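run-v7.tsv (TSV, N, CA and C atoms and all ligand atoms)
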chain	number	residue	atom	x	y	z
A	1	MET	N	5.49	-16.83	20.93
A	1	MET	CA	5.72	-16.03	19.73
A	1	MET	C	5.05	-16.68	18.53
A	2	SER	N	4.35	-15.87	17.74
A	2	SER	CA	3.73	-16.43	16.55
A	2	SER	C	4.81	-16.70	15.52
A	3	PRO	N	4.57	-17.62	14.59
A	3	PRO	CA	5.60	-17.94	13.59
A	3	PRO	C	5.98	-16.73	12.74
A	4	GLN	N	5.10	-15.72	12.69
A	4	GLN	CA	5.40	-14.58	11.81
A	4	GLN	C	5.91	-13.38	12.58
A	5	SER	N	6.14	-13.54	13.89
A	5	SER	CA	6.49	-12.37	14.67
A	5	SER	C	7.88	-11.83	14.33
A	6	HIS	N	8.69	-12.62	13.61
A	6	HIS	CA	10.02	-12.14	13.25
A	6	HIS	C	9.98	-11.28	11.99
A	7	LEU	N	8.84	-11.25	11.32
A	7	LEU	CA	8.78	-10.55	10.04
A	7	LEU	C	9.00	-9.05	10.22
A	8	LEU	N	9.62	-8.47	9.20
A	8	LEU	CA	9.95	-7.04	9.26
A	8	LEU	C	8.71	-6.19	9.40
A	9	GLU	N	8.86	-5.08	10.03
A	9	GLU	CA	7.72	-4.19	10.23
A	9	GLU	C	8.10	-2.77	9.83
A	10	LYS	N	7.11	-2.04	9.36
A	10	LYS	CA	7.34	-0.65	8.99
A	10	LYS	C	6.01	0.07	9.00
A	11	ALA	N	6.05	1.35	9.28
A	11	ALA	CA	4.83	2.15	9.24
A	11	ALA	C	5.18	3.56	8.79
A	12	GLY	N	4.29	4.18	8.05
A	12	GLY	CA	4.52	5.55	7.62
A	12	GLY	C	3.43	6.02	6.68
A	13	ILE	N	3.57	7.28	6.31
A	13	ILE	CA	2.58	7.88	5.40
A	13	ILE	C	3.09	7.81	3.97
A	14	ILE	N	2.28	7.28	3.08
A	14	ILE	CA	2.58	7.33	1.65
A	14	ILE	C	1.29	7.64	0.89
A	15	ASN	N	1.44	7.87	-0.40
A	15	ASN	CA	0.26	8.01	-1.26
A	15	ASN	C	-0.01	6.67	-1.90
A	16	LYS	N	-1.26	6.32	-2.00
A	16	LYS	CA	-1.59	5.03	-2.61
A	16	LYS	C	-2.92	5.11	-3.37
A	17	THR	N	-3.04	4.23	-4.34
A	17	THR	CA	-4.34	4.03	-4.96
A	17	THR	C	-4.47	2.56	-5.34
A	18	LYS	N	-5.67	2.05	-5.17
A	18	LYS	CA	-5.94	0.70	-5.66
A	18	LYS	C	-6.24	0.84	-7.15
A	19	VAL	N	-5.69	-0.05	-7.98
A	19	VAL	CA	-5.98	0.06	-9.42
A	19	VAL	C	-6.64	-1.20	-9.98
A	20	ALA	N	-6.67	-2.27	-9.18
A	20	ALA	CA	-7.39	-3.47	-9.63
A	20	ALA	C	-7.87	-4.25	-8.42
A	21	GLU	N	-8.99	-4.91	-8.62
A	21	GLU	CA	-9.60	-5.70	-7.54
A	21	GLU	C	-10.15	-6.98	-8.18
A	22	GLY	N	-9.79	-8.11	-7.61
A	22	GLY	CA	-10.26	-9.38	-8.18
A	22	GLY	C	-9.88	-9.51	-9.65
A	23	GLY	N	-8.71	-8.94	-9.99
A	23	GLY	CA	-8.25	-9.04	-11.37
A	23	GLY	C	-8.85	-8.01	-12.32
A	24	LYS	N	-9.79	-7.21	-11.82
A	24	LYS	CA	-10.45	-6.21	-12.69
A	24	LYS	C	-9.92	-4.82	-12.40
A	25	LYS	N	-9.65	-4.06	-13.44
A	25	LYS	CA	-9.16	-2.69	-13.27
A	25	LYS	C	-10.23	-1.81	-12.64
A	26	ILE	N	-9.82	-0.95	-11.73
A	26	ILE	CA	-10.75	0.03	-11.16
A	26	ILE	C	-10.15	1.43	-11.28
A	27	ARG	N	-11.00	2.43	-11.15
A	27	ARG	CA	-10.55	3.80	-11.33
A	27	ARG	C	-9.62	4.21	-10.19
A	28	LYS	N	-8.57	4.93	-10.56
A	28	LYS	CA	-7.62	5.41	-9.55
A	28	LYS	C	-8.28	6.41	-8.61
A	29	ASN	N	-7.86	6.36	-7.37
A	29	ASN	CA	-8.33	7.35	-6.39
A	29	ASN	C	-7.18	7.56	-5.40
A	30	TRP	N	-6.21	8.38	-5.80
A	30	TRP	CA	-5.03	8.58	-4.98
A	30	TRP	C	-5.41	9.23	-3.64
A	31	SER	N	-4.84	8.72	-2.56
A	31	SER	CA	-5.01	9.39	-1.27
A	31	SER	C	-3.82	9.06	-0.38
A	32	GLN	N	-3.57	9.93	0.57
A	32	GLN	CA	-2.52	9.66	1.56
A	32	GLN	C	-3.01	8.58	2.49
A	33	SER	N	-2.07	7.76	2.93
A	33	SER	CA	-2.49	6.66	3.79
A	33	SER	C	-1.43	6.35	4.84
A	34	TRP	N	-1.86	6.20	6.07
A	34	TRP	CA	-0.98	5.66	7.11
A	34	TRP	C	-0.88	4.17	6.80
A	35	THR	N	0.32	3.73	6.47
A	35	THR	CA	0.52	2.39	5.92
A	35	THR	C	1.37	1.57	6.87
A	36	VAL	N	0.93	0.38	7.19
A	36	VAL	CA	1.59	-0.44	8.20
A	36	VAL	C	1.88	-1.82	7.62
A	37	LEU	N	3.13	-2.25	7.75
A	37	LEU	CA	3.50	-3.61	7.38
A	37	LEU	C	3.79	-4.37	8.67
A	38	HIS	N	3.03	-5.40	8.92
A	38	HIS	CA	3.20	-6.14	10.17
A	38	HIS	C	2.82	-7.60	9.94
A	39	GLY	N	3.75	-8.51	10.29
A	39	GLY	CA	3.45	-9.93	10.21
A	39	GLY	C	3.04	-10.40	8.82
A	40	GLY	N	3.64	-9.80	7.79
A	40	GLY	CA	3.33	-10.23	6.43
A	40	GLY	C	2.02	-9.69	5.90
A	41	VAL	N	1.46	-8.73	6.62
A	41	VAL	CA	0.19	-8.12	6.19
A	41	VAL	C	0.41	-6.62	6.03
A	42	LEU	N	-0.05	-6.09	4.91
A	42	LEU	CA	0.06	-4.65	4.65
A	42	LEU	C	-1.31	-4.03	4.80
A	43	THR	N	-1.39	-2.99	5.64
A	43	THR	CA	-2.69	-2.33	5.85
A	43	THR	C	-2.57	-0.85	5.49
A	44	PHE	N	-3.45	-0.42	4.62
A	44	PHE	CA	-3.58	1.00	4.27
A	44	PHE	C	-4.73	1.56	5.09
A	45	HIS	N	-4.48	2.66	5.78
A	45	HIS	CA	-5.54	3.26	6.60
A	45	HIS	C	-6.12	4.47	5.88
A	46	ARG	N	-7.35	4.75	6.19
A	46	ARG	CA	-8.04	5.89	5.59
A	46	ARG	C	-7.36	7.19	5.96
A	47	ASP	N	-7.39	8.12	5.03
A	47	ASP	CA	-6.86	9.44	5.29
A	47	ASP	C	-7.73	10.13	6.35
A	48	PRO	N	-7.16	10.51	7.51
A	48	PRO	CA	-7.96	11.14	8.57
A	48	PRO	C	-8.71	12.38	8.08
A	49	LYS	N	-8.21	13.01	7.01
A	49	LYS	CA	-8.89	14.20	6.47
A	49	LYS	C	-10.32	13.89	6.04
A	50	PHE	N	-10.55	12.61	5.69
A	50	PHE	CA	-11.87	12.23	5.20
A	50	PHE	C	-12.74	11.56	6.26
A	51	ALA	N	-12.32	11.68	7.53
A	51	ALA	CA	-13.14	11.12	8.60
A	51	ALA	C	-14.46	11.90	8.68
A	52	PRO	N	-15.53	11.22	9.10
A	52	PRO	CA	-16.81	11.91	9.16
A	52	PRO	C	-16.75	13.14	10.07
A	53	VAL	N	-17.44	14.18	9.69
A	53	VAL	CA	-17.48	15.41	10.48
A	53	VAL	C	-18.06	15.09	11.86
A	54	GLY	N	-17.47	15.66	12.90
A	54	GLY	CA	-17.98	15.42	14.25
A	54	GLY	C	-17.27	14.27	14.94
A	55	ASN	N	-16.47	13.54	14.16
A	55	ASN	CA	-15.72	12.43	14.74
A	55	ASN	C	-14.41	12.99	15.27
A	56	THR	N	-14.38	13.30	16.56
A	56	THR	CA	-13.23	14.03	17.09
A	56	THR	C	-12.18	13.13	17.72
A	57	SER	N	-12.52	11.88	17.97
A	57	SER	CA	-11.53	11.01	18.60
A	57	SER	C	-10.45	10.64	17.59
A	58	LYS	N	-9.20	10.96	17.92
A	58	LYS	CA	-8.10	10.72	16.97
A	58	LYS	C	-7.96	9.25	16.62
A	59	THR	N	-8.07	8.39	17.63
A	59	THR	CA	-7.84	6.96	17.35
A	59	THR	C	-8.92	6.41	16.43
A	60	SER	N	-10.14	6.92	16.56
A	60	SER	CA	-11.20	6.39	15.72
A	60	SER	C	-11.08	6.86	14.28
A	61	GLN	N	-10.18	7.85	14.04
A	61	GLN	CA	-10.00	8.32	12.67
A	61	GLN	C	-9.04	7.43	11.89
A	62	ILE	N	-8.23	6.65	12.61
A	62	ILE	CA	-7.25	5.81	11.92
A	62	ILE	C	-7.88	4.45	11.68
A	63	VAL	N	-8.60	4.38	10.59
A	63	VAL	CA	-9.40	3.20	10.30
A	63	VAL	C	-8.79	2.46	9.10
A	64	PRO	N	-8.62	1.14	9.20
A	64	PRO	CA	-8.09	0.41	8.05
A	64	PRO	C	-9.01	0.56	6.83
A	65	GLU	N	-8.39	0.75	5.68
A	65	GLU	CA	-9.16	0.86	4.44
A	65	GLU	C	-8.98	-0.42	3.61
A	66	PHE	N	-7.71	-0.82	3.43
A	66	PHE	CA	-7.42	-2.06	2.71
A	66	PHE	C	-6.39	-2.85	3.50
A	67	THR	N	-6.62	-4.14	3.64
A	67	THR	CA	-5.68	-5.02	4.32
A	67	THR	C	-5.32	-6.15	3.36
A	68	GLU	N	-4.03	-6.33	3.12
A	68	GLU	CA	-3.61	-7.32	2.14
A	68	GLU	C	-2.56	-8.27	2.71
A	69	ASP	N	-2.82	-9.55	2.55
A	69	ASP	CA	-1.85	-10.58	2.88
A	69	ASP	C	-0.79	-10.59	1.78
A	70	LEU	N	0.47	-10.47	2.18
A	70	LEU	CA	1.53	-10.38	1.16
A	70	LEU	C	2.02	-11.73	0.67
A	71	ARG	N	1.48	-12.81	1.22
A	71	ARG	CA	1.92	-14.13	0.76
A	71	ARG	C	1.58	-14.29	-0.73
A	72	GLY	N	2.61	-14.56	-1.53
A	72	GLY	CA	2.38	-14.74	-2.96
A	72	GLY	C	2.26	-13.45	-3.74
A	73	ALA	N	2.49	-12.32	-3.06
A	73	ALA	CA	2.38	-11.02	-3.75
A	73	ALA	C	3.68	-10.71	-4.49
A	74	SER	N	3.62	-9.70	-5.35
A	74	SER	CA	4.84	-9.21	-6.00
A	74	SER	C	4.86	-7.70	-5.95
A	75	VAL	N	6.06	-7.15	-5.91
A	75	VAL	CA	6.19	-5.69	-5.83
A	75	VAL	C	7.40	-5.26	-6.64
A	76	GLY	N	7.32	-4.08	-7.22
A	76	GLY	CA	8.45	-3.54	-7.98
A	76	GLY	C	8.14	-2.12	-8.39
A	77	TRP	N	9.10	-1.50	-9.07
A	77	TRP	CA	8.86	-0.14	-9.58
A	77	TRP	C	7.83	-0.24	-10.70
A	78	ALA	N	6.86	0.67	-10.67
A	78	ALA	CA	5.83	0.68	-11.71
A	78	ALA	C	6.43	1.26	-12.99
A	79	SER	N	5.99	0.75	-14.13
A	79	SER	CA	6.46	1.31	-15.41
A	79	SER	C	5.84	2.69	-15.61
A	80	LYS	N	6.47	3.49	-16.45
A	80	LYS	CA	6.08	4.89	-16.64
A	80	LYS	C	4.62	5.04	-17.09
A	81	ASP	N	4.12	4.04	-17.78
A	81	ASP	CA	2.75	4.15	-18.30
A	81	ASP	C	1.70	3.96	-17.19
A	82	LYS	N	2.13	3.53	-16.01
A	82	LYS	CA	1.15	3.29	-14.92
A	82	LYS	C	0.74	4.57	-14.22
A	83	SER	N	1.64	5.57	-14.24
A	83	SER	CA	1.34	6.82	-13.55
A	83	SER	C	2.28	7.91	-14.02
A	84	SER	N	1.77	9.14	-13.97
A	84	SER	CA	2.64	10.28	-14.32
A	84	SER	C	3.46	10.72	-13.11
A	85	LYS	N	3.18	10.13	-11.94
A	85	LYS	CA	3.90	10.53	-10.73
A	85	LYS	C	5.28	9.89	-10.72
A	86	LYS	N	6.18	10.47	-9.89
A	86	LYS	CA	7.52	9.88	-9.76
A	86	LYS	C	7.54	8.92	-8.57
A	87	ASN	N	8.51	8.02	-8.59
A	87	ASN	CA	8.73	7.09	-7.47
A	87	ASN	C	7.47	6.26	-7.15
A	88	VAL	N	7.02	5.51	-8.10
A	88	VAL	CA	5.79	4.74	-7.93
A	88	VAL	C	6.10	3.24	-7.88
A	89	LEU	N	5.58	2.59	-6.86
A	89	LEU	CA	5.69	1.13	-6.77
A	89	LEU	C	4.38	0.50	-7.20
A	90	GLU	N	4.48	-0.71	-7.72
A	90	GLU	CA	3.29	-1.47	-8.07
A	90	GLU	C	3.28	-2.75	-7.23
A	91	LEU	N	2.20	-2.94	-6.51
A	91	LEU	CA	2.04	-4.13	-5.67
A	91	LEU	C	0.89	-4.97	-6.21
A	92	LYS	N	1.17	-6.24	-6.46
A	92	LYS	CA	0.12	-7.14	-6.95
A	92	LYS	C	-0.05	-8.27	-5.94
A	93	THR	N	-1.26	-8.47	-5.47
A	93	THR	CA	-1.49	-9.53	-4.49
A	93	THR	C	-1.93	-10.81	-5.20
A	94	ARG	N	-1.81	-11.90	-4.47
A	94	ARG	CA	-2.22	-13.19	-5.04
A	94	ARG	C	-3.72	-13.21	-5.30
A	95	GLN	N	-4.45	-12.38	-4.55
A	95	GLN	CA	-5.92	-12.34	-4.69
A	95	GLN	C	-6.37	-11.46	-5.85
A	96	GLY	N	-5.43	-10.89	-6.61
A	96	GLY	CA	-5.81	-10.11	-7.79
A	96	GLY	C	-6.05	-8.64	-7.54
A	97	CYS	N	-5.55	-8.14	-6.41
A	97	CYS	CA	-5.62	-6.70	-6.17
A	97	CYS	C	-4.30	-6.07	-6.60
A	98	GLU	N	-4.39	-4.88	-7.14
A	98	GLU	CA	-3.18	-4.15	-7.51
A	98	GLU	C	-3.25	-2.75	-6.93
A	99	TYR	N	-2.11	-2.30	-6.42
A	99	TYR	CA	-2.01	-0.96	-5.82
A	99	TYR	C	-0.81	-0.25	-6.42
A	100	LEU	N	-0.91	1.07	-6.51
A	100	LEU	CA	0.25	1.90	-6.76
A	100	LEU	C	0.57	2.61	-5.45
A	101	MET	N	1.84	2.68	-5.11
A	101	MET	CA	2.28	3.33	-3.87
A	101	MET	C	3.35	4.35	-4.26
A	102	GLN	N	3.23	5.56	-3.74
A	102	GLN	CA	4.08	6.65	-4.24
A	102	GLN	C	4.47	7.61	-3.14
A	103	TYR	N	5.68	8.15	-3.25
A	103	TYR	CA	6.09	9.23	-2.37
A	103	TYR	C	7.16	10.02	-3.10
A	104	ASP	N	7.11	11.34	-2.98
A	104	ASP	CA	8.06	12.16	-3.75
A	104	ASP	C	9.51	11.95	-3.32
A	105	THR	N	9.73	11.64	-2.05
A	105	THR	CA	11.10	11.39	-1.58
A	105	THR	C	11.47	9.94	-1.92
A	106	GLU	N	12.47	9.79	-2.80
A	106	GLU	CA	12.76	8.46	-3.32
A	106	GLU	C	13.20	7.49	-2.23
A	107	SER	N	13.98	8.00	-1.24
A	107	SER	CA	14.50	7.09	-0.21
A	107	SER	C	13.35	6.47	0.60
A	108	ILE	N	12.28	7.23	0.79
A	108	ILE	CA	11.13	6.73	1.56
A	108	ILE	C	10.49	5.56	0.83
A	109	ILE	N	10.28	5.74	-0.46
A	109	ILE	CA	9.57	4.70	-1.21
A	109	ILE	C	10.52	3.51	-1.47
A	110	SER	N	11.82	3.79	-1.61
A	110	SER	CA	12.79	2.69	-1.77
A	110	SER	C	12.81	1.81	-0.53
A	111	ASP	N	12.70	2.43	0.64
A	111	ASP	CA	12.66	1.65	1.89
A	111	ASP	C	11.43	0.74	1.90
A	112	TRP	N	10.28	1.29	1.45
A	112	TRP	CA	9.07	0.47	1.39
A	112	TRP	C	9.26	-0.70	0.44
A	113	LEU	N	9.89	-0.44	-0.70
A	113	LEU	CA	10.12	-1.52	-1.67
A	113	LEU	C	10.92	-2.63	-1.01
A	114	LYS	N	11.97	-2.24	-0.30
A	114	LYS	CA	12.86	-3.22	0.31
A	114	LYS	C	12.14	-4.05	1.39
A	115	VAL	N	11.42	-3.38	2.26
A	115	VAL	CA	10.79	-4.13	3.36
A	115	VAL	C	9.65	-5.02	2.85
A	116	ILE	N	8.94	-4.54	1.83
A	116	ILE	CA	7.85	-5.38	1.29
A	116	ILE	C	8.47	-6.59	0.57
A	117	GLN	N	9.54	-6.35	-0.20
A	117	GLN	CA	10.21	-7.48	-0.87
A	117	GLN	C	10.71	-8.49	0.15
A	118	ASP	N	11.31	-8.00	1.23
A	118	ASP	CA	11.83	-8.90	2.27
A	118	ASP	C	10.69	-9.68	2.92
A	119	ALA	N	9.58	-8.99	3.19
A	119	ALA	CA	8.43	-9.67	3.83
A	119	ALA	C	7.89	-10.76	2.91
A	120	ILE	N	7.79	-10.46	1.62
A	120	ILE	CA	7.28	-11.46	0.66
A	120	ILE	C	8.22	-12.66	0.64
A	121	ARG	N	9.53	-12.38	0.61
A	121	ARG	CA	10.53	-13.47	0.59
A	121	ARG	C	10.43	-14.32	1.86
A	122	GLN	N	10.29	-13.66	3.00
A	122	GLN	CA	10.23	-14.41	4.25
A	122	GLN	C	8.98	-15.26	4.33
A	123	LEU	N	7.89	-14.78	3.73
A	123	LEU	CA	6.65	-15.55	3.76
A	123	LEU	C	6.78	-16.84	2.97
A	124	VAL	N	7.63	-16.84	1.95
A	124	VAL	CA	7.86	-18.04	1.14
A	124	VAL	C	8.46	-19.13	2.03
A	125	CYS	N	9.24	-18.71	3.03
A	125	CYS	CA	9.96	-19.68	3.88
A	125	CYS	C	9.16	-20.12	5.10
A	126	THR	N	8.00	-19.55	5.34
A	126	THR	CA	7.28	-19.90	6.58
A	126	THR	C	6.09	-20.81	6.28
B	1	LIG	O1	-3.77	6.61	-15.35
B	1	LIG	P1	-4.80	7.70	-15.40
B	1	LIG	O2	-6.18	7.23	-15.53
B	1	LIG	O3	-4.43	8.78	-16.37
B	1	LIG	O4	-4.77	8.34	-13.97
B	1	LIG	C1	-5.08	9.62	-13.59
B	1	LIG	C2	-6.56	9.77	-13.34
B	1	LIG	O5	-7.03	8.75	-12.50
B	1	LIG	C3	-6.91	11.08	-12.68
B	1	LIG	O6	-8.26	11.07	-12.29
B	1	LIG	P2	-9.52	11.40	-13.21
B	1	LIG	O7	-9.31	10.67	-14.49
B	1	LIG	O8	-10.61	10.82	-12.39
B	1	LIG	O9	-9.58	12.86	-13.36
B	1	LIG	C4	-6.08	11.34	-11.44
B	1	LIG	O10	-6.39	12.58	-10.90
B	1	LIG	C5	-4.62	11.23	-11.75
B	1	LIG	O11	-3.88	11.43	-10.57
B	1	LIG	C6	-4.27	9.93	-12.38
B	1	LIG	O12	-2.98	9.84	-12.84
B	1	LIG	P3	-1.58	9.62	-12.15
B	1	LIG	O13	-0.70	9.73	-13.33
B	1	LIG	O14	-1.44	10.73	-11.16
B	1	LIG	O15	-1.43	8.27	-11.50
I need this file expressed as structure tokens, please.
Ligand code: I3S
Amino acid sequence: MSPQSHLLEKAGIINKTKVAEGGKKIRKNWSQSWTVLHGGVLTFHRDPKFAPVGNTSKTSQIVPEFTEDLRGASVGWASKDKSSKKNVLELKTRQGCEYLMQYDTESIISDWLKVIQDAIRQLVCT
């Protein structure tokens, strides 16, 4: 068993946009994403709707878009000035990337907040 195999895991569809990279702000580009938390790593996958035309294999459509190590990251509810959407989380990585994560159903996004917070906390102890 790897030292991180006990870390909490979760997967589901949410809306996300990257808003900063390497500490620099970038333009928002909201999209739905199959999002997976595994072993202290959060991976946002590309929206299958935007897969290249002619690419019919379902598995090849689920392609990672952003992969972030949560060690040293922080997460919380985004302030109102960050987005006009409801139920928005703000995730900041140690590497200077920032993401907004959103879902209209509050319980769904609250669950994500909890599991990401728990994963970050557990990474401090490993
Ligand atoms: O924080 P902003 O810049 O007002 O965010 C909105 C814009 O990114 C907008 O795109 P364009 O400026 O490229 O038209 C998006 O369509 C909106 O969704 C962004 O705002 P929200 O409040 O939805 O995060």
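If you measure from each of A:Lys114, A:Arg121, A:Lys82, A:Lys10 to ligand LIG 1 (chain B) using all atoms listed in the file, the closest one turns out to be A:Lys82.
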Any chance you could work out the axis-aligned box around range 71-75 of chain A, listed atoms only, 6 Å on each side, giving centre and edge lengths in Å to one decimal, as lines of an AutoDock Vina configuration file?
center_x = 4.4
center_y = -10.0
center_z = -2.7
size_x = 17.9
size_y = 21.5
size_z = 19.9
Worksheet item: Neighbours of Asn29 in chain A within 10 Å (only C-alpha atoms; same-chain residues fewer than 6 positions away dropped), as an MDAnalysis selection string?
Response: chainID A and resid 16:19
Using N, CA and C atoms, can you write the selected residues to a file as a JSON list (two decimals), keeping the file's coordinate frame?
[["chain", "number", "residue", "atom", "x", "y", "z"],
["A", 16, "LYS", "N", -1.26, 6.32, -2.00],
["A", 16, "LYS", "CA", -1.59, 5.03, -2.61],
["A", 16, "LYS", "C", -2.92, 5.11, -3.37],
["A", 17, "THR", "N", -3.04, 4.23, -4.34],
["A", 17, "THR", "CA", -4.34, 4.03, -4.96],
["A", 17, "THR", "C", -4.47, 2.56, -5.34],
["A", 18, "LYS", "N", -5.67, 2.05, -5.17],
["A", 18, "LYS", "CA", -5.94, 0.70, -5.66],
["A", 18, "LYS", "C", -6.24, 0.84, -7.15],
["A", 19, "VAL", "N", -5.69, -0.05, -7.98],
["A", 19, "VAL", "CA", -5.98, 0.06, -9.42],
["A", 19, "VAL", "C", -6.64, -1.20, -9.98]]
Practice prompt. Check which residues fall inside 7 Å of ligand LIG 1 (chain B) when counting all atoms listed in the file, and print them as a PyMOL selection string.
Written response: chain A and resi 27-30+81-85
Using N, CA and C atoms, can you write the selected residues to a file as an mmCIF file, in the frame of the given file?
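Result went into result.cif, see below:
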data_model
loop_
_atom_site.group_PDB
_atom_site.id
_atom_site.type_symbol
_atom_site.label_atom_id
_atom_site.label_comp_id
_atom_site.auth_asym_id
_atom_site.auth_seq_id
_atom_site.Cartn_x
_atom_site.Cartn_y
_atom_site.Cartn_z
ATOM 1 N N ARG A 27 -11.000 2.430 -11.150
ATOM 2 C CA ARG A 27 -10.550 3.800 -11.330
ATOM 3 C C ARG A 27 -9.620 4.210 -10.190
ATOM 4 N N LYS A 28 -8.570 4.930 -10.560
ATOM 5 C CA LYS A 28 -7.620 5.410 -9.550
ATOM 6 C C LYS A 28 -8.280 6.410 -8.610
ATOM 7 N N ASN A 29 -7.860 6.360 -7.370
ATOM 8 C CA ASN A 29 -8.330 7.350 -6.390
ATOM 9 C C ASN A 29 -7.180 7.560 -5.400
ATOM 10 N N TRP A 30 -6.210 8.380 -5.800
ATOM 11 C CA TRP A 30 -5.030 8.580 -4.980
ATOM 12 C C TRP A 30 -5.410 9.230 -3.640
ATOM 13 N N ASP A 81 4.120 4.040 -17.780
ATOM 14 C CA ASP A 81 2.750 4.150 -18.300
ATOM 15 C C ASP A 81 1.700 3.960 -17.190
ATOM 16 N N LYS A 82 2.130 3.530 -16.010
ATOM 17 C CA LYS A 82 1.150 3.290 -14.920
ATOM 18 C C LYS A 82 0.740 4.570 -14.220
ATOM 19 N N SER A 83 1.640 5.570 -14.240
ATOM 20 C CA SER A 83 1.340 6.820 -13.550
ATOM 21 C C SER A 83 2.280 7.910 -14.020
ATOM 22 N N SER A 84 1.770 9.140 -13.970
ATOM 23 C CA SER A 84 2.640 10.280 -14.320
ATOM 24 C C SER A 84 3.460 10.720 -13.110
ATOM 25 N N LYS A 85 3.180 10.130 -11.940
ATOM 26 C CA LYS A 85 3.900 10.530 -10.730
ATOM 27 C C LYS A 85 5.280 9.890 -10.720
#
Worksheet item: Taking the backbone alone, and naming residues the way the document does, which bits of chain A are strand (DSSP E) by DSSP, as a ChimeraX atom specification?
Response: /A:10-21,24-25,31-38,41-45,64-69,74-77,88-92,98-102
Worksheet item: Could you name the residues that touch Ser33 in chain A at 6 Å or less, counting all atoms listed in the file, but leaving out those on the same chain fewer than 2 positions away, as a ChimeraX atom specification?
Response: /A:12-16,31,35,44-47
Discussion item. Using all atoms listed in the file for the distances, tell me which of A:Val41, A:Val36, A:Cys97, A:Leu91 is nearest to Ser74 in chain A.
Written reply: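 Answer, going by the shortest atom-to-atom distance: A:Leu91.
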Worksheet item: Just how far from atom C of Leu100 in chain A is atom N of Thr43 in chain A, in Å to one decimal?
Response: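 Spanning atom N of Thr43 in chain A to atom C of Leu100 in chain A is a straight-line distance of 12.6 Å.
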Discussion item. One decimal, in Å: what's the spacing between atom N of Ser79 in chain A and atom C of Leu42 in chain A?
Written reply: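 Rounded to one decimal, the two atoms are 20.8 Å apart.
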